[in-house]
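One file, query-v3.txt, carrying compact mmCIF, C-alpha atoms and all ligand atoms:
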# COMPACT_ATOMS: atom_id res chain seq x y z
CA MET Y 25 44.86 153.00 40.84
CA SER Y 26 47.71 154.09 38.62
CA LYS Y 27 46.83 157.19 36.56
CA ASN Y 28 46.10 156.83 32.90
CA ILE Y 29 49.50 158.14 31.79
CA ASP Y 30 51.44 157.01 28.74
CA TRP Y 31 54.62 156.33 30.76
CA SER Y 32 56.78 155.42 27.80
CA ASN Y 33 56.10 158.75 26.05
CA LEU Y 34 56.57 161.04 29.05
CA GLY Y 35 59.06 163.85 28.57
CA PHE Y 36 61.15 165.65 31.19
CA GLY Y 37 58.54 168.25 32.09
CA TYR Y 38 56.17 169.39 34.82
CA MET Y 39 52.82 167.70 35.29
CA GLU Y 40 50.55 168.76 38.12
CA THR Y 41 49.91 165.94 40.63
CA ASP Y 42 47.26 165.63 43.38
CA LYS Y 43 49.05 166.79 46.54
CA ARG Y 44 52.01 168.86 47.68
CA PHE Y 45 53.49 169.37 51.16
CA VAL Y 46 53.70 172.89 52.59
CA SER Y 47 55.16 174.15 55.87
CA ASN Y 48 55.52 177.81 56.92
CA PHE Y 49 58.16 179.47 59.09
CA LYS Y 50 56.87 182.43 61.11
CA ASP Y 51 57.84 184.03 64.44
CA GLY Y 52 60.95 181.88 64.54
CA ALA Y 53 59.39 178.42 64.09
CA TRP Y 54 58.19 176.00 61.42
CA ASP Y 55 54.54 174.94 61.65
CA GLU Y 56 53.66 171.24 61.42
CA GLY Y 57 52.89 171.50 57.71
CA ALA Y 58 50.20 169.80 55.63
CA LEU Y 59 49.46 168.18 52.30
CA ILE Y 60 47.35 170.54 50.20
CA ASP Y 61 45.54 170.45 46.85
CA ASP Y 62 46.27 173.95 45.49
CA PRO Y 63 49.30 174.00 43.17
CA MET Y 64 49.39 177.81 43.04
CA VAL Y 65 51.49 180.03 45.33
CA THR Y 66 50.29 183.51 46.32
CA MET Y 67 52.62 185.98 47.98
CA SER Y 68 53.51 189.65 48.34
CA GLU Y 69 54.67 191.42 45.20
CA CYS Y 70 57.67 192.42 47.32
CA ALA Y 71 58.50 188.90 48.60
CA CYS Y 72 62.23 188.46 49.32
CA VAL Y 73 62.40 185.56 46.85
CA LEU Y 74 61.06 187.76 44.03
CA GLN Y 75 63.29 190.75 44.77
CA TYR Y 76 66.50 189.16 46.07
CA ALA Y 77 66.31 185.54 44.91
CA GLN Y 78 66.32 184.06 48.41
CA THR Y 79 65.45 180.50 47.44
CA VAL Y 80 67.10 177.07 47.47
CA PHE Y 81 65.97 173.69 46.17
CA GLU Y 82 66.65 169.97 45.93
CA GLY Y 83 65.88 167.26 43.40
CA LEU Y 84 65.47 163.51 43.90
CA LYS Y 85 63.44 160.65 42.48
CA ALA Y 86 61.04 157.96 43.62
CA TYR Y 87 60.58 154.84 41.53
CA THR Y 88 59.14 151.36 41.53
CA THR Y 89 61.70 148.62 42.16
CA GLU Y 90 61.85 145.21 40.51
CA ASP Y 91 59.89 143.65 43.42
CA GLY Y 92 57.18 146.34 43.33
CA LYS Y 93 58.25 148.60 46.20
CA VAL Y 94 58.21 152.38 45.90
CA VAL Y 95 61.50 153.83 47.13
CA CYS Y 96 63.69 156.89 46.96
CA PHE Y 97 67.47 157.16 46.97
CA ARG Y 98 69.46 158.68 49.86
CA PRO Y 99 66.96 161.45 50.75
CA ASP Y 100 68.95 162.16 53.94
CA LEU Y 101 71.72 163.61 51.77
CA ASN Y 102 69.24 165.93 50.03
CA ALA Y 103 68.02 167.02 53.48
CA ALA Y 104 71.58 167.83 54.61
CA ARG Y 105 72.37 169.65 51.37
CA LEU Y 106 69.20 171.78 51.52
CA ALA Y 107 70.19 172.71 55.07
CA ASP Y 108 73.67 173.79 53.85
CA SER Y 109 72.16 175.79 51.01
CA ALA Y 110 69.70 177.47 53.39
CA ARG Y 111 72.45 178.45 55.83
CA ARG Y 112 74.44 180.08 53.04
CA LEU Y 113 71.46 182.27 52.06
CA LYS Y 114 70.59 183.13 55.68
CA MET Y 115 67.44 181.04 55.69
CA PRO Y 116 66.22 178.92 58.61
CA VAL Y 117 67.01 175.21 58.25
CA PHE Y 118 64.08 172.88 57.72
CA PRO Y 119 64.86 170.00 60.15
CA GLU Y 120 66.50 167.15 58.23
CA ASP Y 121 64.31 164.37 59.66
CA ARG Y 122 61.21 166.39 58.82
CA PHE Y 123 62.52 166.89 55.28
CA VAL Y 124 62.66 163.12 54.75
CA GLU Y 125 59.20 162.76 56.32
CA ALA Y 126 57.80 165.46 53.99
CA VAL Y 127 59.26 163.70 50.94
CA VAL Y 128 57.73 160.39 52.05
CA LYS Y 129 54.32 161.99 52.70
CA THR Y 130 54.32 163.74 49.33
CA VAL Y 131 55.12 160.52 47.46
CA GLU Y 132 52.57 158.55 49.52
CA ALA Y 133 49.91 161.12 48.60
CA ASN Y 134 50.77 160.80 44.89
CA LEU Y 135 51.45 157.05 44.61
CA ASP Y 136 49.27 156.85 41.50
CA TYR Y 137 51.85 158.96 39.69
CA VAL Y 138 54.82 156.70 40.43
CA PRO Y 139 55.77 155.13 37.10
CA PRO Y 140 55.90 151.30 36.93
CA TYR Y 141 59.16 149.32 37.03
CA GLY Y 142 60.79 149.01 33.64
CA SER Y 143 59.08 152.03 32.09
CA GLY Y 144 62.22 154.14 32.35
CA ALA Y 145 60.06 156.88 33.86
CA THR Y 146 60.38 158.06 37.49
CA LEU Y 147 58.65 160.40 39.91
CA TYR Y 148 60.82 163.51 40.21
CA ILE Y 149 60.56 165.19 43.64
CA ARG Y 150 61.28 168.87 44.10
CA PRO Y 151 61.69 170.15 47.70
CA TYR Y 152 62.39 173.87 47.97
CA MET Y 153 62.08 176.88 50.23
CA TYR Y 154 61.97 180.61 49.82
CA GLY Y 155 61.75 183.92 51.70
CA LYS Y 156 58.12 184.92 51.46
CA ASN Y 157 57.38 188.16 53.29
CA ALA Y 158 57.84 191.64 51.80
CA VAL Y 159 61.43 192.92 52.04
CA ILE Y 160 62.55 196.10 50.31
CA GLY Y 161 65.70 197.02 52.26
CA VAL Y 162 68.30 194.32 51.57
CA LYS Y 163 68.07 191.72 54.34
CA PRO Y 164 66.88 188.12 54.77
CA ALA Y 165 63.13 187.49 55.02
CA ASP Y 166 61.48 186.72 58.39
CA GLU Y 167 58.93 184.33 56.97
CA TYR Y 168 59.64 181.29 54.79
CA GLU Y 169 57.77 178.56 53.00
CA PHE Y 170 59.09 175.01 52.54
CA ARG Y 171 57.36 172.96 49.86
CA VAL Y 172 57.64 169.57 48.21
CA PHE Y 173 55.91 168.74 44.95
CA CYS Y 174 56.46 165.85 42.58
CA THR Y 175 55.94 165.23 38.90
CA PRO Y 176 56.34 162.08 36.79
CA VAL Y 177 59.16 162.38 34.25
CA GLY Y 178 60.16 160.21 31.33
CA PRO Y 179 63.60 158.71 30.79
CA TYR Y 180 66.12 161.53 30.43
CA PHE Y 181 67.39 160.04 27.19
CA LYS Y 182 64.86 158.52 24.85
CA GLY Y 183 66.30 155.55 22.98
CA GLY Y 184 69.45 155.32 25.09
CA ALA Y 185 72.16 157.73 26.15
CA LYS Y 186 74.05 159.16 23.18
CA PRO Y 187 77.33 160.88 24.00
CA ILE Y 188 77.14 164.67 24.03
CA THR Y 189 79.48 167.49 23.07
CA ILE Y 190 80.56 170.08 25.62
CA ARG Y 191 82.26 173.40 25.09
CA VAL Y 192 84.58 175.20 27.49
CA CYS Y 193 82.61 178.18 28.73
CA ASP Y 194 84.01 181.71 29.14
CA TYR Y 195 81.47 182.66 31.79
CA ASP Y 196 81.42 181.68 35.46
CA ARG Y 197 78.71 179.25 36.55
CA ALA Y 198 77.97 180.71 39.95
CA ALA Y 199 77.89 184.13 41.54
CA PRO Y 200 81.46 185.06 42.57
CA HIS Y 201 80.70 185.11 46.28
CA GLY Y 202 81.25 181.50 47.25
CA THR Y 203 77.80 180.17 46.38
CA GLY Y 204 78.96 177.59 43.85
CA HIS Y 205 78.52 174.70 46.30
CA ILE Y 206 74.83 175.35 47.02
CA LYS Y 207 71.77 174.29 45.06
CA ALA Y 208 70.07 177.60 44.43
CA GLY Y 209 68.12 179.24 41.65
CA LEU Y 210 70.60 182.10 41.66
CA ASN Y 211 73.31 179.84 40.20
CA TYR Y 212 70.89 178.54 37.58
CA ALA Y 213 69.88 182.11 36.69
CA MET Y 214 73.60 182.81 36.18
CA SER Y 215 73.88 179.84 33.81
CA LEU Y 216 70.90 180.57 31.53
CA TYR Y 217 72.67 183.01 29.23
CA ALA Y 218 75.58 180.61 28.76
CA ILE Y 219 73.46 177.51 28.13
CA VAL Y 220 71.25 179.21 25.54
CA ASP Y 221 74.41 180.50 23.87
CA ALA Y 222 75.98 177.00 23.93
CA HIS Y 223 72.88 175.47 22.33
CA ASN Y 224 72.85 178.19 19.66
CA GLN Y 225 76.45 177.29 18.84
CA GLY Y 226 75.60 173.58 18.58
CA TYR Y 227 76.91 172.36 21.96
CA ASP Y 228 74.93 170.36 24.49
CA GLU Y 229 76.50 171.70 27.68
CA ASN Y 230 79.03 174.15 29.14
CA MET Y 231 82.14 173.10 31.00
CA TYR Y 232 82.91 175.70 33.64
CA LEU Y 233 86.49 176.22 34.76
CA ASP Y 234 87.62 177.60 38.13
CA ALA Y 235 87.07 181.36 38.14
CA ALA Y 236 90.44 182.24 39.70
CA THR Y 237 92.90 180.48 37.35
CA ARG Y 238 90.73 179.01 34.57
CA THR Y 239 92.96 175.94 34.54
CA LYS Y 240 90.84 173.50 36.60
CA VAL Y 241 87.65 171.67 35.67
CA GLU Y 242 84.62 172.50 37.79
CA GLU Y 243 81.27 171.19 36.50
CA THR Y 244 78.49 171.96 34.01
CA GLY Y 245 75.40 174.03 34.83
CA GLY Y 246 73.74 171.11 36.59
CA ALA Y 247 75.97 168.04 36.71
CA ASN Y 248 79.39 166.96 38.05
CA PHE Y 249 82.09 165.43 35.85
CA ILE Y 250 83.51 161.94 36.13
CA PHE Y 251 86.52 160.74 34.13
CA ILE Y 252 87.95 157.27 33.57
CA THR Y 253 91.70 156.95 33.09
CA LYS Y 254 93.21 154.61 30.52
CA ASP Y 255 94.10 152.23 33.36
CA GLY Y 256 90.54 152.19 34.67
CA LYS Y 257 90.57 154.64 37.62
CA LEU Y 258 87.66 156.95 38.40
CA VAL Y 259 88.78 160.58 38.67
CA THR Y 260 86.37 163.32 39.70
CA PRO Y 261 87.03 167.03 40.37
CA LYS Y 262 87.27 168.35 43.91
CA SER Y 263 86.45 172.01 44.43
CA ASP Y 264 84.70 174.20 47.00
CA SER Y 265 82.71 175.88 44.25
CA ILE Y 266 80.95 172.87 42.74
CA LEU Y 267 77.73 171.32 43.97
CA PRO Y 268 78.41 168.10 45.88
CA SER Y 269 76.39 165.75 43.65
CA ILE Y 270 74.81 162.82 45.46
CA THR Y 271 75.06 160.77 42.26
CA ARG Y 272 78.81 161.49 42.07
CA ARG Y 273 79.36 160.61 45.74
CA SER Y 274 77.39 157.38 45.22
CA LEU Y 275 79.34 156.50 42.06
CA MET Y 276 82.61 156.90 44.01
CA VAL Y 277 81.36 154.24 46.46
CA VAL Y 278 80.08 152.00 43.64
CA ALA Y 279 83.44 152.23 41.83
CA GLU Y 280 85.47 151.36 44.90
CA LYS Y 281 83.25 148.89 46.76
CA TYR Y 282 81.33 147.17 43.95
CA LEU Y 283 83.74 147.36 41.01
CA GLY Y 284 87.09 147.34 42.85
CA MET Y 285 88.26 150.47 41.04
CA GLU Y 286 90.67 153.07 42.34
CA VAL Y 287 88.98 156.41 42.95
CA GLU Y 288 90.63 159.83 42.94
CA HIS Y 289 88.71 162.86 44.17
CA ARG Y 290 91.09 165.73 43.50
CA GLU Y 291 91.71 168.88 41.50
CA VAL Y 292 91.53 168.06 37.79
CA TYR Y 293 93.43 170.30 35.37
CA PHE Y 294 91.96 171.00 31.98
CA ASP Y 295 95.29 169.98 30.43
CA GLU Y 296 94.83 166.43 31.76
CA LEU Y 297 91.59 165.82 29.89
CA LYS Y 298 93.25 164.62 26.69
CA ASP Y 299 94.70 161.66 28.63
CA PHE Y 300 91.36 160.28 29.91
CA ALA Y 301 89.63 157.36 28.19
CA GLU Y 302 86.03 158.18 29.12
CA CYS Y 303 84.08 161.16 30.38
CA GLY Y 304 80.59 161.52 31.81
CA LEU Y 305 78.25 163.93 33.54
CA CYS Y 306 76.43 162.76 36.62
CA GLY Y 307 73.31 163.94 38.41
CA THR Y 308 69.91 162.73 39.56
CA ALA Y 309 68.13 163.55 36.29
CA ALA Y 310 70.18 161.37 33.91
CA VAL Y 311 72.35 159.40 36.43
CA ILE Y 312 75.24 159.48 33.88
CA SER Y 313 75.33 161.11 30.45
CA PRO Y 314 78.34 160.06 28.42
CA VAL Y 315 80.50 162.84 26.96
CA GLY Y 316 82.08 162.15 23.58
CA LYS Y 317 83.84 165.42 22.89
CA ILE Y 318 84.97 168.61 24.63
CA VAL Y 319 85.68 171.69 22.53
CA ASP Y 320 87.96 174.46 23.81
CA HIS Y 321 87.60 177.44 21.46
CA GLY Y 322 87.85 175.28 18.35
CA LYS Y 323 90.34 172.74 19.77
CA GLU Y 324 88.71 169.34 20.12
CA ILE Y 325 89.33 166.68 22.73
CA CYS Y 326 87.70 163.44 21.56
CA PHE Y 327 87.49 160.64 24.10
CA PRO Y 328 88.47 157.17 22.85
CA SER Y 329 85.03 155.90 23.98
CA GLY Y 330 83.64 157.82 21.01
CA MET Y 331 80.36 159.47 19.99
CA ASP Y 332 78.32 156.27 19.52
CA GLU Y 333 77.76 154.87 22.97
CA MET Y 334 78.67 155.06 26.63
CA GLY Y 335 82.26 153.99 27.38
CA PRO Y 336 82.58 150.46 28.85
CA VAL Y 337 83.62 151.55 32.37
CA THR Y 338 81.04 154.33 32.49
CA LYS Y 339 78.44 151.75 31.45
CA LYS Y 340 79.46 149.42 34.30
CA LEU Y 341 79.14 152.29 36.78
CA TYR Y 342 75.76 153.23 35.31
CA ASP Y 343 74.43 149.67 35.36
CA THR Y 344 75.59 149.08 38.93
CA LEU Y 345 74.17 152.31 40.36
CA THR Y 346 70.83 151.99 38.54
CA GLY Y 347 70.77 148.31 39.57
CA ILE Y 348 71.10 149.38 43.21
CA GLN Y 349 68.42 152.03 42.79
CA MET Y 350 65.98 149.66 41.08
CA GLY Y 351 66.49 146.90 43.65
CA ARG Y 352 68.31 144.45 41.34
CA ILE Y 353 71.58 144.78 43.29
CA GLU Y 354 71.86 144.93 47.07
CA ALA Y 355 72.30 148.52 48.27
CA PRO Y 356 74.73 149.73 50.92
CA GLU Y 357 73.11 150.23 54.33
CA GLY Y 358 70.87 153.30 54.42
CA TRP Y 359 70.83 154.14 50.71
CA ILE Y 360 67.24 153.11 49.93
CA LYS Y 361 64.30 154.67 51.73
CA VAL Y 362 61.24 152.46 51.31
CA ILE Y 363 58.03 154.49 50.91
CA LYS Y 364 55.64 151.66 50.04
CA GLU Y 365 56.40 147.97 50.71
C1 LIG Y 401 71.75 169.12 41.37
C2 LIG Y 401 73.07 169.47 40.81
C3 LIG Y 401 74.02 168.49 40.49
C4 LIG Y 401 73.74 167.01 40.60
O1 LIG Y 401 73.57 166.60 41.93
P1 LIG Y 401 72.81 165.24 42.27
O2 LIG Y 401 72.71 165.27 43.75
O3 LIG Y 401 73.64 164.14 41.78
O4 LIG Y 401 71.49 165.30 41.59
C5 LIG Y 401 75.26 168.90 40.02
N1 LIG Y 401 75.55 170.21 39.86
C6 LIG Y 401 74.66 171.19 40.14
C7 LIG Y 401 75.04 172.60 39.94
C8 LIG Y 401 73.39 170.85 40.63
O5 LIG Y 401 72.52 171.83 40.89
Encoding of this model in structure tokens:
Amino acid sequence: MSKNIDWSNLGFGYMETDKRFVSNFKDGAWDEGALIDDPMVTMSECACVLQYAQTVFEGLKAYTTEDGKVVCFRPDLNAARLADSARRLKMPVFPEDRFVEAVVKTVEANLDYVPPYGSGATLYIRPYMYGKNAVIGVKPADEYEFRVFCTPVGPYFKGGAKPITIRVCDYDRAAPHGTGHIKAGLNYAMSLYAIVDAHNQGYDENMYLDAATRTKVEETGGANFIFITKDGKLVTPKSDSILPSITRRSLMVVAEKYLGMEVEHREVYFDELKDFAECGLCGTAAVISPVGKIVDHGKEICFPSGMDEMGPVTKKLYDTLTGIQMGRIEAPEGWIKVIKE
């Protein structure tokens, strides 16, 4: 029985659901794990995650398709990325096949919270792991916990996606030790000061530039950039210090294979931005948010697509990818993991 939730008025927030998956790493091995009821975590006051921020996470969604299945999108890529993030922070890897299994089990145990097709809402899934035992001298933990919880979330944009305004940010997004490509709380902690400051100044997001030369576009705090050229190519920044967005990688395939567009994944210089026709941010949460304007210390770059609606090419990309996710358009092999037929 579906829960008595007002799906159309859900926000993007946390709601406790019935079950979460937990597995512990101790004496060099992961235990088999279990679904549990307790949403609270208890640990040492000196846990490595609390003192030294040894934690990494993932984010993906489950949703109801047009024909009533419950599915999630490319969870194998989240598994691989969590493994990369874990390796970078000297954490043991949670086996990738077991990651996908844990996601499936967690959704199966909370099926009543999967929003219906057409509601715009989805079930957001948050896998994560952290160093749990007490560590006071600086070193990685010996014991870890891997968890998956889920929470229903409303459409990222209520009443349609309005283009946003971004400012060029003077801070660096990630710690300057080559952690920009991993999905870790430490990078988000780094970005909090800058995002609150941006909001206070009337901007929706920060555009981070490469730390070394400050001439190349990286990403925002939590989404990759895509650009559309005036002749209809998709251009998206390539850098070792941005998070490899699964949405962005999927959009590159959609552009090339479904829409017959040329795709360029390469370094993008800030000076090129004025020549693009459309700009967007991509990530699991919003899929694509259109960008209307970028402000560099008072100098404005306004995209021809404007501040009223998504640009026409961005819209095609958005409609095709969400069509694939919602089962209206046939997906490439292996993209859709069916959880409930
Ligand atoms: C999660 C995230 C993204 C978006 O990645 P998706 O896999 O598309 O959700 C982009 N940038 C950062 C920094 C992120 O943490």
- Any idea what the distance is between atom CA of Y:Tyr342 and atom CA of Y:Asn230?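 Calculated distance between atom CA of Y:Tyr342 and atom CA of Y:Asn230 is 22.1 Å.
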- Message: Please identify all protein, DNA and RNA residues within 7 Å of ligand LIG 401 (chain Y), counting all atoms listed in the file, and report them as number ranges by chain.
- Response: Y: 82-84, 207, 243-248, 266-272, 306-309
- Message: So, with only C-alpha atoms as the atoms that count, which of Y:Phe118, Y:Tyr180, Y:Tyr168, Y:Trp54 lies closest to Y:Ala310?
- Response: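 For Y:Ala310, the nearest of the given residues is Y:Tyr180.
With atom CA of Y:Glu90 on one side and atom CA of Y:Met334 on the other, the separation reads 23.9 Å.
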- Query: With all atoms listed in the file as the basis for distance, which of Y:Phe327, Y:Tyr141, Y:Phe45, Y:Tyr217 is at the shortest distance from Y:Met153?
  - Reply: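 The closest residue to Y:Met153 is Y:Phe45.
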- Item | Distance criterion (only C-alpha atoms): nearest to Y:Leu233 out of Y:Gly347, Y:Gly37, Y:Pro314, Y:Pro261 |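 Of Y:Gly347, Y:Gly37, Y:Pro314, Y:Pro261, the one nearest Y:Leu233 is Y:Pro261, counting only C-alpha atoms.
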- Using only C-alpha atoms, can you list as an NGL selection string the residues within 12 Å of (71.6, 180.0, 54.0)? :Y and (77-81 or 105-118 or 153-155 or 164-165 or 202-203 or 205-208)
Would you export the selected residues with C-alpha atoms as an mmCIF file, in the frame of the given file, please?
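Output (again_28.cif):
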data_model
loop_
_atom_site.group_PDB
_atom_site.id
_atom_site.type_symbol
_atom_site.label_atom_id
_atom_site.label_comp_id
_atom_site.auth_asym_id
_atom_site.auth_seq_id
_atom_site.Cartn_x
_atom_site.Cartn_y
_atom_site.Cartn_z
ATOM 1 C CA ALA Y 77 66.310 185.540 44.910
ATOM 2 C CA GLN Y 78 66.320 184.060 48.410
ATOM 3 C CA THR Y 79 65.450 180.500 47.440
ATOM 4 C CA VAL Y 80 67.100 177.070 47.470
ATOM 5 C CA PHE Y 81 65.970 173.690 46.170
ATOM 6 C CA ARG Y 105 72.370 169.650 51.370
ATOM 7 C CA LEU Y 106 69.200 171.780 51.520
ATOM 8 C CA ALA Y 107 70.190 172.710 55.070
ATOM 9 C CA ASP Y 108 73.670 173.790 53.850
ATOM 10 C CA SER Y 109 72.160 175.790 51.010
ATOM 11 C CA ALA Y 110 69.700 177.470 53.390
ATOM 12 C CA ARG Y 111 72.450 178.450 55.830
ATOM 13 C CA ARG Y 112 74.440 180.080 53.040
ATOM 14 C CA LEU Y 113 71.460 182.270 52.060
ATOM 15 C CA LYS Y 114 70.590 183.130 55.680
ATOM 16 C CA MET Y 115 67.440 181.040 55.690
ATOM 17 C CA PRO Y 116 66.220 178.920 58.610
ATOM 18 C CA VAL Y 117 67.010 175.210 58.250
ATOM 19 C CA PHE Y 118 64.080 172.880 57.720
ATOM 20 C CA MET Y 153 62.080 176.880 50.230
ATOM 21 C CA TYR Y 154 61.970 180.610 49.820
ATOM 22 C CA GLY Y 155 61.750 183.920 51.700
ATOM 23 C CA PRO Y 164 66.880 188.120 54.770
ATOM 24 C CA ALA Y 165 63.130 187.490 55.020
ATOM 25 C CA GLY Y 202 81.250 181.500 47.250
ATOM 26 C CA THR Y 203 77.800 180.170 46.380
ATOM 27 C CA HIS Y 205 78.520 174.700 46.300
ATOM 28 C CA ILE Y 206 74.830 175.350 47.020
ATOM 29 C CA LYS Y 207 71.770 174.290 45.060
ATOM 30 C CA ALA Y 208 70.070 177.600 44.430
#
- Task: Between Y:Phe36, Y:Tyr87, Y:Trp359, Y:Phe249, single out the one closest to Y:Val278, counting only C-alpha atoms.
- Result: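 Looking at the shortest contact to Y:Val278, the residue is Y:Trp359.
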- Query: Out of Y:Asp42, Y:Glu302, Y:Asp194, Y:Glu167, which residue has the shortest atom-to-atom distance to Y:Ile250 when counting all atoms listed in the file?
  - Reply: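 Distance minimum relative to Y:Ile250 lands on Y:Glu302.
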- Task: Show which residues sit within 10 Å of Y:Ser32, as a list in words. Count only C-alpha atoms, and ignore same-chain residues fewer than 4 positions away.
- Result: Pro139, Gly142, Ser143, Gly144, Ala145, Val177, Gly178, Pro179 and Lys182 of chain Y
